[in-house]
file protein-v8.cif (mmCIF, C-alpha atoms and all ligand atoms)
data_target
loop_
_atom_site.label_atom_id
_atom_site.label_comp_id
_atom_site.auth_asym_id
_atom_site.auth_seq_id
_atom_site.Cartn_x
_atom_site.Cartn_y
_atom_site.Cartn_z
CA MET A 1 0.00 0.00 0.00
CA ASP A 2 1.26 3.47 -0.92
CA LEU A 3 0.89 5.21 2.45
CA ALA A 4 2.95 8.24 1.36
CA GLY A 5 0.54 8.88 -1.51
CA LEU A 6 -2.57 9.09 0.69
CA ILE A 7 -2.12 12.84 1.24
CA VAL A 8 -1.43 15.71 -1.15
CA ASP A 9 -0.13 18.68 0.87
CA ASP A 10 0.99 21.43 -1.50
CA LYS A 11 1.53 24.59 0.57
CA GLU A 12 2.75 26.57 -2.46
CA ARG A 13 -0.43 26.02 -4.44
CA GLY A 14 -2.67 25.93 -1.37
CA VAL A 15 -3.97 22.43 -2.08
CA PHE A 16 -4.67 19.75 0.52
CA ARG A 17 -6.36 16.45 -0.31
CA TYR A 18 -6.62 12.95 1.07
CA HIS A 19 -7.27 9.75 -0.80
CA ARG A 20 -10.68 8.33 0.04
CA SER A 21 -9.32 4.81 0.55
CA ALA A 22 -8.28 6.22 3.97
CA MET A 23 -12.00 6.11 4.77
CA THR A 24 -12.86 2.68 3.44
CA SER A 25 -9.86 0.36 3.82
CA GLN A 26 -9.67 -2.33 6.52
CA GLU A 27 -5.90 -2.45 6.00
CA ILE A 28 -5.59 1.25 6.87
CA LEU A 29 -7.78 0.80 9.96
CA ASP A 30 -5.47 -2.01 11.13
CA ILE A 31 -2.45 0.28 10.68
CA GLU A 32 -4.25 3.11 12.49
CA ARG A 33 -4.93 0.85 15.48
CA GLU A 34 -1.27 -0.09 15.70
CA ARG A 35 0.47 3.21 14.91
CA ILE A 36 -2.03 5.73 16.30
CA PHE A 37 -4.35 4.20 18.89
CA ASP A 38 -1.74 1.94 20.49
CA LYS A 39 0.66 4.87 20.87
CA SER A 40 -1.56 7.85 21.80
CA TRP A 41 -3.18 9.03 25.00
CA LEU A 42 -6.79 7.82 24.81
CA TYR A 43 -9.62 9.25 26.89
CA LEU A 44 -11.13 6.87 29.42
CA CYS A 45 -13.29 8.78 31.91
CA HIS A 46 -13.58 11.77 34.23
CA GLU A 47 -12.51 11.45 37.86
CA THR A 48 -15.90 12.66 39.11
CA GLU A 49 -17.51 9.53 37.69
CA LEU A 50 -15.70 7.61 40.45
CA GLU A 51 -16.13 9.78 43.49
CA ASN A 52 -16.60 7.19 46.23
CA ARG A 53 -14.49 4.24 47.28
CA GLY A 54 -15.59 1.16 45.35
CA ASP A 55 -17.12 3.14 42.44
CA TYR A 56 -16.30 1.53 39.11
CA LEU A 57 -17.07 1.88 35.42
CA ARG A 58 -16.13 -0.15 32.38
CA ARG A 59 -15.29 1.08 28.89
CA THR A 60 -13.60 -0.16 25.74
CA VAL A 61 -10.45 1.65 24.61
CA ASN A 62 -8.94 0.70 21.26
CA GLY A 63 -10.75 -2.61 21.32
CA ARG A 64 -9.56 -3.59 24.82
CA PRO A 65 -12.13 -3.93 27.59
CA LEU A 66 -10.97 -1.88 30.61
CA PHE A 67 -12.44 -0.89 33.90
CA ALA A 68 -11.59 1.90 36.33
CA VAL A 69 -12.26 1.61 40.04
CA ARG A 70 -11.63 3.72 43.13
CA GLY A 71 -10.07 1.31 45.58
CA ALA A 72 -10.75 0.98 49.30
CA ASP A 73 -7.59 3.08 49.76
CA GLY A 74 -9.14 5.96 47.77
CA GLN A 75 -6.85 5.52 44.76
CA LEU A 76 -8.25 5.42 41.24
CA ARG A 77 -6.85 2.51 39.23
CA VAL A 78 -7.48 1.23 35.73
CA PHE A 79 -7.42 -2.50 34.94
CA LEU A 80 -7.44 -4.54 31.79
CA ASN A 81 -10.74 -6.37 32.06
CA SER A 82 -9.57 -9.96 31.69
CA CYS A 83 -9.35 -12.63 34.35
CA LEU A 84 -5.80 -13.89 34.97
CA HIS A 85 -7.18 -17.43 35.12
CA ARG A 86 -8.57 -17.99 31.65
CA GLY A 87 -9.65 -14.63 30.36
CA ALA A 88 -13.31 -13.97 31.24
CA LEU A 89 -14.42 -10.39 31.80
CA ILE A 90 -14.11 -9.56 35.49
CA CYS A 91 -16.23 -6.42 35.48
CA ARG A 92 -19.54 -7.20 33.77
CA GLN A 93 -21.58 -4.06 34.41
CA ASP A 94 -21.11 -0.61 32.93
CA GLN A 95 -20.93 1.00 36.35
CA GLY A 96 -21.62 0.42 40.01
CA SER A 97 -19.89 0.03 43.34
CA ALA A 98 -18.05 -3.05 44.61
CA GLU A 99 -15.63 -4.13 47.31
CA VAL A 100 -14.69 -7.25 45.38
CA PHE A 101 -14.95 -8.52 41.82
CA GLN A 102 -15.62 -12.23 41.52
CA CYS A 103 -15.12 -13.84 38.14
CA PHE A 104 -18.38 -15.51 37.15
CA TYR A 105 -16.60 -18.38 35.35
CA HIS A 106 -14.62 -20.17 38.13
CA ALA A 107 -15.01 -17.62 40.93
CA TRP A 108 -11.50 -16.23 41.24
CA THR A 109 -11.95 -13.15 43.40
CA TYR A 110 -10.12 -9.81 43.29
CA ASN A 111 -10.43 -6.85 45.66
CA ASN A 112 -11.06 -3.32 44.36
CA ARG A 113 -7.30 -2.71 44.33
CA GLY A 114 -6.95 -5.51 41.77
CA GLU A 115 -5.30 -8.08 44.09
CA LEU A 116 -6.28 -11.72 43.82
CA ILE A 117 -7.75 -12.55 47.23
CA GLY A 118 -9.33 -15.92 46.66
CA THR A 119 -9.51 -18.98 44.45
CA PRO A 120 -11.79 -21.95 45.08
CA ASP A 121 -9.90 -25.00 46.34
CA GLU A 122 -6.74 -23.16 47.42
CA ALA A 123 -5.06 -26.54 47.96
CA GLY A 124 -5.30 -27.15 44.21
CA TYR A 125 -2.26 -24.85 43.78
CA PRO A 126 1.23 -25.46 45.24
CA GLU A 127 3.05 -23.17 47.74
CA SER A 128 4.98 -21.67 44.86
CA PHE A 129 1.78 -20.34 43.23
CA ASN A 130 2.39 -16.59 43.20
CA ARG A 131 -0.81 -14.71 43.89
CA GLU A 132 0.84 -11.33 43.40
CA GLU A 133 1.61 -12.20 39.82
CA MET A 134 -2.05 -12.94 39.38
CA SER A 135 -3.20 -9.41 40.31
CA LEU A 136 -5.25 -7.75 37.60
CA LYS A 137 -3.05 -6.18 34.93
CA GLN A 138 -3.05 -2.45 34.27
CA PRO A 139 -2.45 -0.51 31.05
CA PRO A 140 1.18 0.70 30.96
CA ARG A 141 0.31 4.38 31.52
CA VAL A 142 -2.62 6.18 33.18
CA GLU A 143 -2.50 9.96 33.73
CA SER A 144 -5.03 12.73 34.18
CA TYR A 145 -5.37 16.44 33.50
CA ARG A 146 -8.08 18.63 35.11
CA GLY A 147 -10.01 15.46 35.99
CA LEU A 148 -9.84 13.92 32.50
CA VAL A 149 -8.31 10.43 32.75
CA PHE A 150 -6.39 8.99 29.81
CA VAL A 151 -4.62 5.68 29.21
CA ASN A 152 -1.72 4.89 26.93
CA TYR A 153 -0.68 1.42 25.79
CA ASP A 154 2.82 2.66 24.97
CA PRO A 155 5.09 2.60 28.06
CA ASN A 156 7.49 5.05 26.37
CA ALA A 157 4.91 7.69 25.46
CA MET A 158 5.56 11.34 26.43
CA SER A 159 3.64 12.58 29.49
CA LEU A 160 -0.04 13.43 29.08
CA TYR A 161 0.76 17.03 30.13
CA ASP A 162 3.27 17.43 27.29
CA PHE A 163 1.04 15.59 24.83
CA LEU A 164 -1.85 17.99 25.51
CA GLY A 165 0.53 20.93 25.08
CA ASN A 166 -1.26 23.92 23.51
CA ALA A 167 -4.64 22.24 24.04
CA ARG A 168 -4.37 22.82 27.80
CA GLU A 169 -5.26 26.50 27.40
CA TYR A 170 -8.68 25.52 26.03
CA ILE A 171 -9.29 22.72 28.53
CA ASP A 172 -8.56 25.26 31.27
CA ALA A 173 -11.07 27.74 29.80
CA MET A 174 -13.69 25.01 30.15
CA MET A 175 -12.70 23.66 33.55
CA ASP A 176 -12.20 27.13 35.11
CA GLN A 177 -15.92 27.76 34.66
CA SER A 178 -16.50 26.17 38.04
CA GLU A 179 -15.25 27.21 41.47
CA LEU A 180 -15.51 23.70 42.94
CA GLY A 181 -14.60 21.80 39.79
CA MET A 182 -16.53 20.49 36.82
CA ARG A 183 -18.29 17.14 37.09
CA ILE A 184 -19.75 14.70 34.62
CA ILE A 185 -23.54 14.73 34.78
CA PRO A 186 -24.66 11.11 35.34
CA GLY A 187 -26.05 9.45 32.22
CA SER A 188 -24.61 9.28 28.73
CA ASN A 189 -25.53 9.26 25.06
CA LYS A 190 -24.36 6.20 23.12
CA TYR A 191 -24.91 5.61 19.44
CA ASP A 192 -23.24 4.25 16.32
CA ILE A 193 -22.70 6.22 13.12
CA GLY A 194 -22.29 4.29 9.88
CA ALA A 195 -19.20 6.22 8.82
CA ASN A 196 -15.41 6.20 9.17
CA TRP A 197 -14.18 7.50 12.55
CA LYS A 198 -12.18 10.33 10.94
CA LEU A 199 -15.31 11.88 9.45
CA LEU A 200 -16.47 12.82 12.93
CA ILE A 201 -13.17 14.60 13.58
CA GLU A 202 -13.66 16.72 10.49
CA ASN A 203 -17.27 17.40 11.39
CA SER A 204 -16.51 18.31 15.01
CA VAL A 205 -14.20 21.20 14.09
CA ASP A 206 -15.98 22.21 10.89
CA GLY A 207 -17.33 25.74 11.34
CA TYR A 208 -18.38 25.88 7.71
CA HIS A 209 -21.21 23.35 7.63
CA GLY A 210 -23.25 24.90 10.45
CA LEU A 211 -25.64 27.10 8.51
CA PRO A 212 -26.49 24.76 5.62
CA THR A 213 -26.58 21.54 7.69
CA HIS A 214 -28.24 22.83 10.85
CA GLN A 215 -30.75 25.21 9.32
CA THR A 216 -33.51 23.94 11.61
CA PHE A 217 -31.51 24.82 14.71
CA PHE A 218 -30.66 28.32 13.50
CA ASP A 219 -34.28 28.94 12.47
CA TYR A 220 -35.30 27.92 15.98
CA VAL A 221 -32.74 30.23 17.61
CA ARG A 222 -33.73 33.19 15.42
CA ALA A 223 -37.43 32.62 16.10
CA LEU A 224 -36.69 33.11 19.81
CA TRP A 225 -33.83 35.57 19.48
CA PRO A 226 -34.01 37.63 16.27
CA GLU A 227 -30.79 39.53 17.10
CA ALA A 228 -28.69 36.32 17.34
CA PRO A 229 -25.29 36.73 15.64
CA LYS A 230 -25.33 35.57 12.04
CA GLY A 231 -22.41 33.33 11.14
CA SER A 232 -19.47 32.56 13.33
CA VAL A 233 -16.59 35.01 13.67
CA GLY A 234 -13.42 33.49 15.03
CA TYR A 235 -10.27 31.58 14.26
CA GLY A 236 -9.05 28.04 13.69
CA ARG A 237 -5.75 26.75 14.96
CA ALA A 238 -3.65 23.61 14.60
CA LEU A 239 -2.27 23.07 18.10
CA GLY A 240 0.35 20.40 17.46
CA ASN A 241 0.34 16.66 18.24
CA GLY A 242 -2.77 16.40 16.05
CA HIS A 243 -4.96 18.54 18.35
CA THR A 244 -6.94 21.37 16.77
CA VAL A 245 -9.45 24.00 17.84
CA THR A 246 -11.94 26.59 16.67
CA GLU A 247 -12.90 29.48 18.91
CA TYR A 248 -15.60 31.93 17.88
CA GLN A 249 -18.30 34.32 18.90
CA ALA A 250 -21.14 32.45 20.63
CA ALA A 251 -24.22 32.04 18.45
CA ALA A 252 -26.38 30.80 21.32
CA GLY A 253 -26.67 31.20 25.09
CA LYS A 254 -24.34 29.51 27.57
CA PRO A 255 -25.48 28.53 31.04
CA ILE A 256 -22.26 29.79 32.55
CA ALA A 257 -22.76 33.36 31.59
CA VAL A 258 -24.93 34.31 28.64
CA TRP A 259 -28.68 34.25 28.99
CA THR A 260 -30.64 34.37 25.73
CA PRO A 261 -34.35 33.80 25.07
CA GLN A 262 -33.64 30.10 24.38
CA PHE A 263 -33.35 29.74 28.14
CA PRO A 264 -36.25 29.98 30.60
CA LEU A 265 -36.78 33.42 32.12
CA GLU A 266 -36.36 32.01 35.65
CA ALA A 267 -32.75 31.07 34.78
CA ARG A 268 -31.79 34.64 33.93
CA PRO A 269 -30.93 35.99 37.43
CA GLU A 270 -28.87 32.83 38.05
CA VAL A 271 -26.94 33.24 34.79
CA GLU A 272 -26.22 36.88 35.63
CA LYS A 273 -25.00 35.91 39.09
CA VAL A 274 -22.61 33.37 37.55
CA HIS A 275 -21.34 35.99 35.14
CA THR A 276 -20.65 38.51 37.91
CA ARG A 277 -18.76 35.88 39.88
CA LEU A 278 -16.75 34.93 36.80
CA VAL A 279 -15.64 38.54 36.37
CA GLU A 280 -14.72 38.74 40.09
CA ARG A 281 -12.60 35.61 39.80
CA PHE A 282 -10.87 36.17 36.49
CA GLY A 283 -11.27 39.81 35.45
CA GLU A 284 -13.28 41.15 32.51
CA GLU A 285 -11.06 39.83 29.77
CA TYR A 286 -10.76 36.12 30.59
CA ALA A 287 -14.37 36.04 31.84
CA ALA A 288 -15.50 37.49 28.51
CA ARG A 289 -13.53 34.87 26.62
CA MET A 290 -15.09 32.08 28.66
CA ALA A 291 -18.59 33.47 28.46
CA TYR A 292 -18.96 35.01 25.01
CA CYS A 293 -16.93 32.51 23.02
CA GLN A 294 -17.60 28.94 22.04
CA ARG A 295 -14.90 26.45 21.27
CA ASN A 296 -14.62 23.03 19.73
CA LEU A 297 -11.44 21.40 20.93
CA PHE A 298 -10.33 18.18 19.30
CA ILE A 299 -7.86 16.07 21.28
CA TYR A 300 -6.09 13.65 18.99
CA PRO A 301 -7.06 11.00 18.09
CA ASN A 302 -10.70 10.57 19.16
CA LEU A 303 -11.94 13.05 21.78
CA ILE A 304 -13.84 16.28 21.31
CA LEU A 305 -14.55 18.78 24.06
CA ASN A 306 -17.38 20.97 22.83
CA ASP A 307 -17.80 24.18 24.80
CA VAL A 308 -20.90 25.29 22.94
CA ALA A 309 -24.49 25.43 24.20
CA ALA A 310 -23.17 23.45 27.20
CA PRO A 311 -19.76 21.77 27.55
CA THR A 312 -19.72 18.16 26.49
CA VAL A 313 -17.20 15.35 26.37
CA ARG A 314 -17.55 13.10 23.36
CA TYR A 315 -15.31 10.26 22.28
CA TRP A 316 -15.60 7.50 19.75
CA GLU A 317 -14.04 4.25 18.67
CA PRO A 318 -13.74 2.79 15.20
CA ILE A 319 -15.68 -0.47 14.94
CA ALA A 320 -15.08 -1.02 11.21
CA PRO A 321 -13.86 1.21 8.37
CA ASP A 322 -17.45 2.39 7.91
CA CYS A 323 -18.70 2.40 11.50
CA MET A 324 -17.87 4.18 14.76
CA ARG A 325 -19.30 4.00 18.28
CA VAL A 326 -19.87 7.34 19.98
CA SER A 327 -20.28 8.11 23.69
CA ALA A 328 -21.03 11.57 25.10
CA TRP A 329 -21.51 13.20 28.49
CA GLY A 330 -22.47 16.65 29.76
CA LEU A 331 -20.15 18.63 32.05
CA ALA A 332 -21.43 20.96 34.76
CA PRO A 333 -20.00 22.97 37.66
CA LYS A 334 -20.37 21.01 40.89
CA GLU A 335 -21.94 24.03 42.55
CA GLU A 336 -24.55 24.68 39.83
CA SER A 337 -28.13 25.41 40.94
CA GLU A 338 -31.00 23.16 39.93
CA VAL A 339 -32.52 25.66 37.52
CA LEU A 340 -29.25 26.18 35.66
CA LEU A 341 -28.52 22.47 35.54
CA LYS A 342 -31.94 21.91 33.98
CA THR A 343 -31.21 24.64 31.43
CA ARG A 344 -27.81 23.12 30.69
CA LEU A 345 -29.22 19.64 30.17
CA SER A 346 -31.93 20.77 27.80
CA SER A 347 -29.38 22.89 25.97
CA PHE A 348 -27.02 19.89 25.64
CA LEU A 349 -29.71 17.45 24.55
CA GLY A 350 -31.50 19.96 22.34
CA PHE A 351 -28.42 20.55 20.23
CA LEU A 352 -25.88 17.73 20.68
CA GLY A 353 -28.08 14.88 21.92
CA PRO A 354 -28.72 11.95 19.56
CA GLY A 355 -32.28 13.23 19.10
CA GLY A 356 -31.31 16.91 19.20
CA LEU A 357 -31.42 19.57 16.51
CA ALA A 358 -27.81 19.03 15.37
CA THR A 359 -26.51 15.50 15.90
CA PRO A 360 -29.00 13.70 13.60
CA ASP A 361 -28.09 16.22 10.85
CA ASP A 362 -24.39 15.52 11.37
CA SER A 363 -24.85 11.73 11.45
CA GLU A 364 -26.83 11.95 8.22
CA ALA A 365 -24.10 14.08 6.61
CA LEU A 366 -21.35 11.65 7.68
CA GLU A 367 -23.24 8.57 6.51
CA SER A 368 -23.95 10.36 3.27
CA CYS A 369 -20.19 10.98 2.74
CA GLN A 370 -19.48 7.33 3.50
CA ALA A 371 -22.10 6.26 0.95
CA GLY A 372 -20.49 8.63 -1.56
CA PHE A 373 -17.10 6.97 -1.06
CA ALA A 374 -18.50 3.94 -2.94
CA VAL A 375 -17.96 6.05 -6.06
CA LYS A 376 -14.43 4.84 -6.68
CA GLU A 377 -14.09 7.08 -9.72
CA VAL A 378 -13.86 10.12 -7.40
CA GLU A 379 -10.69 9.40 -5.46
CA TRP A 380 -9.93 12.53 -3.44
CA SER A 381 -11.54 14.70 -0.75
CA ASP A 382 -10.53 18.35 -0.56
CA ILE A 383 -9.52 20.13 2.66
CA SER A 384 -7.85 23.24 1.21
CA ARG A 385 -10.11 25.99 2.45
CA GLY A 386 -8.22 28.91 3.97
CA MET A 387 -4.75 27.54 3.27
CA HIS A 388 -3.64 30.89 1.85
CA ARG A 389 -4.75 33.07 4.80
CA SER A 390 -4.63 33.34 8.57
CA PRO A 391 -7.19 30.66 9.36
CA LYS A 392 -10.74 31.57 10.34
CA SER A 393 -13.02 29.26 12.30
CA ILE A 394 -14.84 28.53 9.04
CA ASP A 395 -11.63 27.35 7.36
CA GLU A 396 -10.17 23.85 7.32
CA ILE A 397 -6.84 24.24 9.12
CA GLN A 398 -8.49 22.33 11.98
CA MET A 399 -8.77 19.28 9.73
CA ARG A 400 -5.36 19.66 8.10
CA GLY A 401 -3.82 19.85 11.60
CA PHE A 402 -5.25 16.40 12.29
CA TRP A 403 -4.56 14.89 8.88
CA ARG A 404 -0.89 15.93 8.90
CA GLN A 405 -0.31 14.25 12.26
CA TRP A 406 -2.30 11.22 11.14
CA HIS A 407 -0.16 10.90 8.03
CA ALA A 408 3.09 11.27 9.96
CA HIS A 409 2.01 8.50 12.34
CA LEU A 410 1.02 6.22 9.49
CA MET A 411 4.43 6.77 7.98
CA GLY A 412 6.06 5.81 11.31
CA GLN A 413 7.11 9.38 12.20
CA THR A 414 6.28 11.02 15.50
CA GLU A 415 6.76 14.71 14.84
CA CYS A 416 5.60 16.92 12.01
CA ASP A 417 4.73 20.52 11.21
CA VAL A 418 0.94 20.49 11.42
CA THR A 419 0.47 24.13 10.40
CA ASP A 420 0.11 25.65 6.94
CA GLY A 421 3.38 27.45 7.58
CA THR A 422 1.51 30.73 8.14
CA GLU A 423 1.22 32.73 11.34
CA HIS A 424 -1.99 32.43 13.36
CA GLU A 425 -2.64 36.17 13.27
CA LEU A 426 -6.34 35.83 14.01
CA TYR A 427 -5.57 33.81 17.12
CA LYS A 428 -3.20 36.50 18.37
CA ALA A 429 -5.76 39.20 17.65
CA TRP A 430 -8.38 37.18 19.52
CA LEU A 431 -6.32 37.26 22.69
CA ASP A 432 -6.52 41.05 22.54
CA GLU A 433 -9.96 41.61 24.00
CA SER A 434 -10.40 44.99 22.36
CA THR A 435 -10.49 43.41 18.89
CA ARG A 436 -12.64 40.43 19.78
CA PRO A 437 -16.32 40.54 18.86
CA GLN A 438 -18.75 40.37 21.76
CA THR A 439 -22.10 38.68 21.89
CA SER A 440 -24.54 41.23 23.21
CA VAL A 441 -26.74 39.70 25.85
CA ALA A 442 -30.34 39.81 24.68
CA GLN A 443 -32.63 42.18 26.55
S1 LIG B 1 -11.76 -17.33 33.87
FE1 LIG B 1 -11.98 -16.21 35.67
S2 LIG B 1 -12.01 -17.69 37.23
FE2 LIG B 1 -11.70 -18.82 35.41
FE FE B 2 -22.72 19.90 12.97
#

call {"tool": "encode", "arguments": {"input": "protein-v8.cif", "output": "structure tokens"}}
result
Amino acid sequence: MDLAGLIVDDKERGVFRYHRSAMTSQEILDIERERIFDKSWLYLCHETELENRGDYLRRTVNGRPLFAVRGADGQLRVFLNSCLHRGALICRQDQGSAEVFQCFYHAWTYNNRGELIGTPDEAGYPESFNREEMSLKQPPRVESYRGLVFVNYDPNAMSLYDFLGNAREYIDAMMDQSELGMRIIPGSNKYDIGANWKLLIENSVDGYHGLPTHQTFFDYVRALWPEAPKGSVGYGRALGNGHTVTEYQAAAGKPIAVWTPQFPLEARPEVEKVHTRLVERFGEEYAARMAYCQRNLFIYPNLILNDVAAPTVRYWEPIAPDCMRVSAWGLAPKEESEVLLKTRLSSFLGFLGPGGLATPDDSEALESCQAGFAVKEVEWSDISRGMHRSPKSIDEIQMRGFWRQWHAHLMGQTECDVTDGTEHELYKAWLDESTRPQTSVAQ
């Protein structure tokens, strides 16, 4: 297979394309699993999902069943979910609380620190039988940042902190919204999309499809709020290590600090209180950035943190070249009042939920692209938009930033220049509050 030829990246002519076999080939998916997923930091969970001793949850990360549990000693550990005896899954529920995990097959029993504490017929094993060696195995690396827990199957990987690099600024802008810390709201969205996993990356940082694809949502917003900003004004940025972001003027309300007529009237005093407190804590400038801007932050290779109508965590796993499995959760400040939490949840579900006003449109668009890839006569997809200018949030630098890192990894390289080679002037201007557009709060 000609891996080098999968990408055309011509900075002189401003042309960027990828070969559509990248979206349909099982062989490429196998290489991606080995060279990307087995070597990158992969999102597992948020620490607030495991607050109490004994709390556990199970997930699948790059095809491996895992479970995380807070042990009796208060420490959060992650285990590979496979019995040391003959392989059965030890943790068989998505979440719960347990002091011990007993394998249902032959009843080997482990405590919530992963130690083997019992086997039936102990006398069936000699003195030399080493129980310690039979403790549950852990992935080589587990690290967290601002409560987000990641695993890495590569023992030699760089630290999570370094890997996140420039993306930390945007994670902070999301996590700083709370005084006591953000928490995952219990309950999740889970659904499959019949499309290649990389199509959701493109879609998640694509500021260009909003108006045509989500017309229903924007009609709804305008019906309630005729002065809503038209179009998104902002920038796109390739952050390095495959991460990318768009940050732009908010086109809808945000429960942390912008009330608009989409929200119930009773939530308004609460929203204003939160805004005042935000300014007290961070000053006008940073508070304005948190409140009046939205951001879509993609963490390579399969996590998106959407700080839009309400912050969400969404990650997905490839199941086949033409299928991915998506999971999503809402984030909220621990201290949030009931009325604001209700507003946040309806905002999250109304836009990003699987039955909301946006996600079904996006799933349809992605499945439509996948169906179109059956046309073998059209070999290339184009991602050139904005290559000749300082990238706007409606350009495609966000996708090129991913694709360049993807290509380097496929080719067995670790580092690459993910930018277009141009300065991010719009980003720099954005940091200067005086030049940044403001969303006027509706009266
Ligand atoms: S496979 Fe778990 S006890 Fe046998
Ligand atoms: Fe969308």

call {"tool": "residues_near_ligand", "arguments": {"input": "protein-v8.cif", "ligand": "ligand LIG 1 (chain B)", "cutoff": "10 Å", "atoms": "all atoms listed in the file", "output": "MDAnalysis selection string"}}
result
chainID A and resid 82:90 102:109 118:120

call {"tool": "write_last_selection", "arguments": {"input": "protein-v8.cif", "atoms": "C-alpha atoms", "output": "PDB file, in the frame of the given file"}}
result
ATOM      1  CA  SER A  82      -9.570  -9.960  31.690  1.00  0.00           C
ATOM      2  CA  CYS A  83      -9.350 -12.630  34.350  1.00  0.00           C
ATOM      3  CA  LEU A  84      -5.800 -13.890  34.970  1.00  0.00           C
ATOM      4  CA  HIS A  85      -7.180 -17.430  35.120  1.00  0.00           C
ATOM      5  CA  ARG A  86      -8.570 -17.990  31.650  1.00  0.00           C
ATOM      6  CA  GLY A  87      -9.650 -14.630  30.360  1.00  0.00           C
ATOM      7  CA  ALA A  88     -13.310 -13.970  31.240  1.00  0.00           C
ATOM      8  CA  LEU A  89     -14.420 -10.390  31.800  1.00  0.00           C
ATOM      9  CA  ILE A  90     -14.110  -9.560  35.490  1.00  0.00           C
ATOM     10  CA  GLN A 102     -15.620 -12.230  41.520  1.00  0.00           C
ATOM     11  CA  CYS A 103     -15.120 -13.840  38.140  1.00  0.00           C
ATOM     12  CA  PHE A 104     -18.380 -15.510  37.150  1.00  0.00           C
ATOM     13  CA  TYR A 105     -16.600 -18.380  35.350  1.00  0.00           C
ATOM     14  CA  HIS A 106     -14.620 -20.170  38.130  1.00  0.00           C
ATOM     15  CA  ALA A 107     -15.010 -17.620  40.930  1.00  0.00           C
ATOM     16  CA  TRP A 108     -11.500 -16.230  41.240  1.00  0.00           C
ATOM     17  CA  THR A 109     -11.950 -13.150  43.400  1.00  0.00           C
ATOM     18  CA  GLY A 118      -9.330 -15.920  46.660  1.00  0.00           C
ATOM     19  CA  THR A 119      -9.510 -18.980  44.450  1.00  0.00           C
ATOM     20  CA  PRO A 120     -11.790 -21.950  45.080  1.00  0.00           C
TER      21      PRO A 120
END

call {"tool": "closest_residue", "arguments": {"input": "protein-v8.cif", "among": "A:Ser144, A:Thr213, A:Asn112, A:Gln26", "to": "ligand FE 2 (chain B)", "atoms": "only C-alpha atoms and all ligand atoms"}}
result
A:Thr213

call {"tool": "atom_distance", "arguments": {"input": "protein-v8.cif", "atom1": "CA of Gly283 (chain A)", "atom2": "CA of Arg146 (chain A)"}}
result
21.4 Å

call {"tool": "residues_near_point", "arguments": {"input": "protein-v8.cif", "point": "(-0.5, 1.5, 19.5)", "cutoff": "12 Å", "atoms": "all atoms listed in the file", "output": "PDB file with C-alpha atoms, in the frame of the given file"}}
result
ATOM      1  CA  ASP A  30      -5.470  -2.010  11.130  1.00  0.00           C
ATOM      2  CA  ILE A  31      -2.450   0.280  10.680  1.00  0.00           C
ATOM      3  CA  GLU A  32      -4.250   3.110  12.490  1.00  0.00           C
ATOM      4  CA  ARG A  33      -4.930   0.850  15.480  1.00  0.00           C
ATOM      5  CA  GLU A  34      -1.270  -0.090  15.700  1.00  0.00           C
ATOM      6  CA  ARG A  35       0.470   3.210  14.910  1.00  0.00           C
ATOM      7  CA  ILE A  36      -2.030   5.730  16.300  1.00  0.00           C
ATOM      8  CA  PHE A  37      -4.350   4.200  18.890  1.00  0.00           C
ATOM      9  CA  ASP A  38      -1.740   1.940  20.490  1.00  0.00           C
ATOM     10  CA  LYS A  39       0.660   4.870  20.870  1.00  0.00           C
ATOM     11  CA  SER A  40      -1.560   7.850  21.800  1.00  0.00           C
ATOM     12  CA  TRP A  41      -3.180   9.030  25.000  1.00  0.00           C
ATOM     13  CA  LEU A  42      -6.790   7.820  24.810  1.00  0.00           C
ATOM     14  CA  VAL A  61     -10.450   1.650  24.610  1.00  0.00           C
ATOM     15  CA  ASN A  62      -8.940   0.700  21.260  1.00  0.00           C
ATOM     16  CA  GLY A  63     -10.750  -2.610  21.320  1.00  0.00           C
ATOM     17  CA  ARG A  64      -9.560  -3.590  24.820  1.00  0.00           C
ATOM     18  CA  PRO A 139      -2.450  -0.510  31.050  1.00  0.00           C
ATOM     19  CA  PRO A 140       1.180   0.700  30.960  1.00  0.00           C
ATOM     20  CA  VAL A 151      -4.620   5.680  29.210  1.00  0.00           C
ATOM     21  CA  ASN A 152      -1.720   4.890  26.930  1.00  0.00           C
ATOM     22  CA  TYR A 153      -0.680   1.420  25.790  1.00  0.00           C
ATOM     23  CA  ASP A 154       2.820   2.660  24.970  1.00  0.00           C
ATOM     24  CA  PRO A 155       5.090   2.600  28.060  1.00  0.00           C
ATOM     25  CA  ASN A 156       7.490   5.050  26.370  1.00  0.00           C
ATOM     26  CA  ALA A 157       4.910   7.690  25.460  1.00  0.00           C
ATOM     27  CA  PRO A 301      -7.060  11.000  18.090  1.00  0.00           C
ATOM     28  CA  HIS A 409       2.010   8.500  12.340  1.00  0.00           C
ATOM     29  CA  LEU A 410       1.020   6.220   9.490  1.00  0.00           C
ATOM     30  CA  GLY A 412       6.060   5.810  11.310  1.00  0.00           C
TER      31      GLY A 412
END

call {"tool": "residues_near_ligand", "arguments": {"input": "protein-v8.cif", "ligand": "ligand FE 2 (chain B)", "cutoff": "8 Å", "atoms": "all atoms listed in the file", "output": "compact mmCIF listing (two decimals) with C-alpha atoms, in the frame of the given file"}}
result
# COMPACT_ATOMS: atom_id res chain seq x y z
CA ASN A 203 -17.27 17.40 11.39
CA SER A 204 -16.51 18.31 15.01
CA ASP A 206 -15.98 22.21 10.89
CA HIS A 209 -21.21 23.35 7.63
CA GLY A 210 -23.25 24.90 10.45
CA THR A 213 -26.58 21.54 7.69
CA HIS A 214 -28.24 22.83 10.85
CA ALA A 358 -27.81 19.03 15.37
CA THR A 359 -26.51 15.50 15.90
CA ASP A 361 -28.09 16.22 10.85
CA ASP A 362 -24.39 15.52 11.37
